[in-house]
>>> print(open('query31.pdb').read())   # PDB, C-alpha atoms, pLDDT in the B column
ATOM      1  CA  MET A 244      59.389   8.948 -82.953  1.00 49.00           C
ATOM      2  CA  GLU A 245      61.686   9.878 -80.081  1.00 52.00           C
ATOM      3  CA  GLU A 246      59.734  13.099 -79.450  1.00 53.00           C
ATOM      4  CA  ARG A 247      56.474  11.173 -79.104  1.00 56.00           C
ATOM      5  CA  GLU A 248      58.017   8.794 -76.563  1.00 57.00           C
ATOM      6  CA  SER A 249      59.114  11.730 -74.417  1.00 74.00           C
ATOM      7  CA  ILE A 250      55.562  13.125 -74.133  1.00 90.00           C
ATOM      8  CA  GLN A 251      54.264  12.551 -70.635  1.00 92.00           C
ATOM      9  CA  LYS A 252      50.606  12.329 -69.663  1.00 93.00           C
ATOM     10  CA  ARG A 253      48.620  11.744 -66.504  1.00 94.00           C
ATOM     11  CA  ALA A 254      47.954   8.092 -65.677  1.00 96.00           C
ATOM     12  CA  ILE A 255      45.644   6.404 -63.204  1.00 96.00           C
ATOM     13  CA  MET A 256      45.728   2.934 -61.613  1.00 96.00           C
ATOM     14  CA  VAL A 257      42.624   0.856 -62.457  1.00 96.00           C
ATOM     15  CA  HIS A 258      41.605  -2.674 -61.419  1.00 96.00           C
ATOM     16  CA  SER A 259      41.580  -4.962 -64.469  1.00 93.00           C
ATOM     17  CA  PHE A 260      38.363  -6.802 -63.630  1.00 94.00           C
ATOM     18  CA  THR A 261      36.193  -4.234 -61.841  1.00 94.00           C
ATOM     19  CA  ALA A 262      37.444  -0.965 -63.426  1.00 92.00           C
ATOM     20  CA  GLU A 263      37.723   0.405 -59.875  1.00 94.00           C
ATOM     21  CA  VAL A 264      40.142   3.323 -59.580  1.00 94.00           C
ATOM     22  CA  LEU A 265      42.749   2.837 -56.850  1.00 94.00           C
ATOM     23  CA  ASP A 266      42.951   6.550 -55.945  1.00 93.00           C
ATOM     24  CA  GLU A 267      41.485   9.314 -58.129  1.00 91.00           C
ATOM     25  CA  LYS A 268      43.822  11.893 -56.593  1.00 92.00           C
ATOM     26  CA  TRP A 269      46.950   9.875 -57.451  1.00 90.00           C
ATOM     27  CA  THR A 270      47.626  10.618 -61.127  1.00 93.00           C
ATOM     28  CA  PRO A 271      51.370  10.607 -61.782  1.00 94.00           C
ATOM     29  CA  THR A 272      52.752  11.952 -65.043  1.00 95.00           C
ATOM     30  CA  ILE A 273      54.498   9.207 -67.043  1.00 95.00           C
ATOM     31  CA  GLY A 274      55.501   8.453 -70.613  1.00 95.00           C
ATOM     32  CA  ALA A 275      54.029   5.804 -72.924  1.00 96.00           C
ATOM     33  CA  LYS A 276      57.045   3.507 -72.650  1.00 96.00           C
ATOM     34  CA  GLU A 277      57.038   3.763 -68.859  1.00 96.00           C
ATOM     35  CA  LEU A 278      53.305   2.933 -68.739  1.00 97.00           C
ATOM     36  CA  GLU A 279      53.833  -0.115 -70.953  1.00 97.00           C
ATOM     37  CA  MET A 280      56.779  -1.364 -68.878  1.00 98.00           C
ATOM     38  CA  ALA A 281      54.904  -0.859 -65.595  1.00 97.00           C
ATOM     39  CA  ASN A 282      51.877  -2.790 -66.872  1.00 98.00           C
ATOM     40  CA  THR A 283      54.129  -5.613 -68.075  1.00 98.00           C
ATOM     41  CA  ARG A 284      55.690  -5.897 -64.611  1.00 98.00           C
ATOM     42  CA  LEU A 285      52.264  -5.855 -62.940  1.00 97.00           C
ATOM     43  CA  ALA A 286      51.054  -8.646 -65.265  1.00 97.00           C
ATOM     44  CA  GLU A 287      54.178 -10.733 -64.603  1.00 98.00           C
ATOM     45  CA  GLN A 288      53.497 -10.532 -60.865  1.00 97.00           C
ATOM     46  CA  HIS A 289      49.789 -11.402 -61.409  1.00 97.00           C
ATOM     47  CA  ILE A 290      48.705  -8.093 -59.880  1.00 96.00           C
ATOM     48  CA  PRO A 291      45.205  -7.158 -61.100  1.00 96.00           C
ATOM     49  CA  TRP A 292      45.909  -3.411 -61.288  1.00 97.00           C
ATOM     50  CA  ARG A 293      46.938  -1.659 -64.533  1.00 97.00           C
ATOM     51  CA  TRP A 294      47.950   1.854 -65.484  1.00 96.00           C
ATOM     52  CA  ARG A 295      45.632   3.660 -67.894  1.00 95.00           C
ATOM     53  CA  TRP A 296      45.741   7.154 -69.323  1.00 95.00           C
ATOM     54  CA  HIS A 297      43.690   9.507 -67.194  1.00 91.00           C
ATOM     55  CA  THR A 298      40.902  11.139 -69.170  1.00 84.00           C
ATOM     56  CA  LYS A 299      38.895  13.950 -67.715  1.00 68.00           C
ATOM     57  CA  THR A 300      35.280  13.934 -68.813  1.00 55.00           C
ATOM     58  CA  SER A 301      33.124  17.000 -68.727  1.00 51.00           C
ATOM     59  CA  ASN A 302      29.488  16.991 -67.788  1.00 54.00           C
ATOM     60  CA  LEU A 303      27.680  19.017 -70.430  1.00 55.00           C
ATOM     61  CA  ALA A 304      24.335  18.608 -68.670  1.00 58.00           C
ATOM     62  CA  GLY A 305      25.736  20.487 -65.680  1.00 56.00           C
ATOM     63  CA  SER A 306      26.974  23.254 -67.970  1.00 54.00           C
ATOM     64  CA  ILE A 307      23.554  23.630 -69.557  1.00 53.00           C
ATOM     65  CA  THR A 308      21.868  23.769 -66.154  1.00 50.00           C
ATOM     66  CA  LEU A 309      24.313  26.447 -65.014  1.00 51.00           C
ATOM     67  CA  GLN A 310      23.713  28.416 -68.224  1.00 52.00           C
ATOM     68  CA  ASN A 311      19.936  28.332 -67.701  1.00 50.00           C
ATOM     69  CA  ALA A 312      20.272  29.397 -64.073  1.00 51.00           C
ATOM     70  CA  THR A 313      22.317  32.482 -64.995  1.00 53.00           C
ATOM     71  CA  ALA A 314      20.129  33.540 -67.940  1.00 50.00           C
TER      72      ALA A 314
END
>>> encode(input="query31.pdb", output="structure tokens")
Amino acid sequence: MEERESIQKRAIMVHSFTAEVLDEKWTPTIGAKELEMANTRLAEQHIPWRWRWHTKTSNLAGSITLQNATA
């Protein structure tokens, strides 16, 4: 379990109500325990922002268009 806690991932700050991202370029690398503690502190201070894991999504439609253009 200790090894899993030491894994660090990219996180992003998101507004709790609007899902607005504070800054897409600011994605610090943190661990799961650190993310949980930070969100607890934000909630205690009634700050509407929360840390979430940053997930990169790929646009497959763009890939298909590029493939067709090069064929």
>>> residues_around(input="query31.pdb", residues="Met256 of chain A", least_positions_apart="3", cutoff="8 Å", atoms="all atoms listed in the file", output="NGL selection string")
:A and (264-266 or 270 or 292-295)
>>> write_last_selection(input="query31.pdb", atoms="C-alpha atoms", output="PDB file, in the frame of the given file")
ATOM      1  CA  VAL A 264      40.142   3.323 -59.580  1.00 94.00           C
ATOM      2  CA  LEU A 265      42.749   2.837 -56.850  1.00 94.00           C
ATOM      3  CA  ASP A 266      42.951   6.550 -55.945  1.00 93.00           C
ATOM      4  CA  THR A 270      47.626  10.618 -61.127  1.00 93.00           C
ATOM      5  CA  TRP A 292      45.909  -3.411 -61.288  1.00 97.00           C
ATOM      6  CA  ARG A 293      46.938  -1.659 -64.533  1.00 97.00           C
ATOM      7  CA  TRP A 294      47.950   1.854 -65.484  1.00 96.00           C
ATOM      8  CA  ARG A 295      45.632   3.660 -67.894  1.00 95.00           C
TER       9      ARG A 295
END
>>> closest_residue(input="query31.pdb", among="A:Thr298, A:Ala281, A:Ile255, A:Pro291", to="Glu267 of chain A", atoms="all atoms listed in the file")
A:Ile255
>>> closest_residue(input="query31.pdb", among="A:Arg253, A:Glu263, A:His258, A:Ile290", to="Leu278 of chain A", atoms="only C-alpha atoms")
A:Arg253
>>> atom_distance(input="query31.pdb", atom1="atom CA of Ala254 of chain A", atom2="atom CA of Thr283 of chain A")
15.2 Å
>>> decode(input="query31.pdb", residues="segment 269-305 of chain A", atoms="C-alpha atoms", output="CSV table (one decimal), in the first residue's frame")
chain,number,residue,atom,x,y,z
A,269,TRP,CA,-0.6,24.7,-13.9
A,270,THR,CA,-0.6,21.0,-13.3
A,271,PRO,CA,1.6,20.1,-10.4
A,272,THR,CA,2.6,16.5,-9.7
A,273,ILE,CA,1.2,15.4,-6.3
A,274,GLY,CA,0.4,12.1,-4.5
A,275,ALA,CA,-3.1,10.8,-3.6
A,276,LYS,CA,-2.7,11.6,0.1
A,277,GLU,CA,-1.5,15.1,-0.7
A,278,LEU,CA,-4.5,15.7,-3.0
A,279,GLU,CA,-6.9,14.5,-0.3
A,280,MET,CA,-5.3,16.7,2.4
A,281,ALA,CA,-5.3,19.7,0.1
A,282,ASN,CA,-9.0,19.3,-0.7
A,283,THR,CA,-9.9,18.8,2.9
A,284,ARG,CA,-8.1,22.1,3.8
A,285,LEU,CA,-9.9,23.9,0.9
A,286,ALA,CA,-13.3,22.6,2.1
A,287,GLU,CA,-12.6,23.7,5.7
A,288,GLN,CA,-11.9,27.2,4.5
A,289,HIS,CA,-15.0,27.2,2.3
A,290,ILE,CA,-13.0,27.7,-0.9
A,291,PRO,CA,-14.9,26.5,-3.9
A,292,TRP,CA,-11.8,25.1,-5.7
A,293,ARG,CA,-10.8,21.5,-5.6
A,294,TRP,CA,-7.8,19.4,-6.9
A,295,ARG,CA,-8.7,16.7,-9.4
A,296,TRP,CA,-6.5,14.3,-11.3
A,297,HIS,CA,-5.6,15.8,-14.7
A,298,THR,CA,-6.8,13.5,-17.5
A,299,LYS,CA,-5.7,14.2,-21.1
A,300,THR,CA,-8.3,13.4,-23.6
A,301,SER,CA,-7.5,12.7,-27.2
A,302,ASN,CA,-9.6,13.8,-30.1
A,303,LEU,CA,-10.0,10.8,-32.4
A,304,ALA,CA,-12.0,12.7,-34.9
A,305,GLY,CA,-9.0,14.9,-35.5
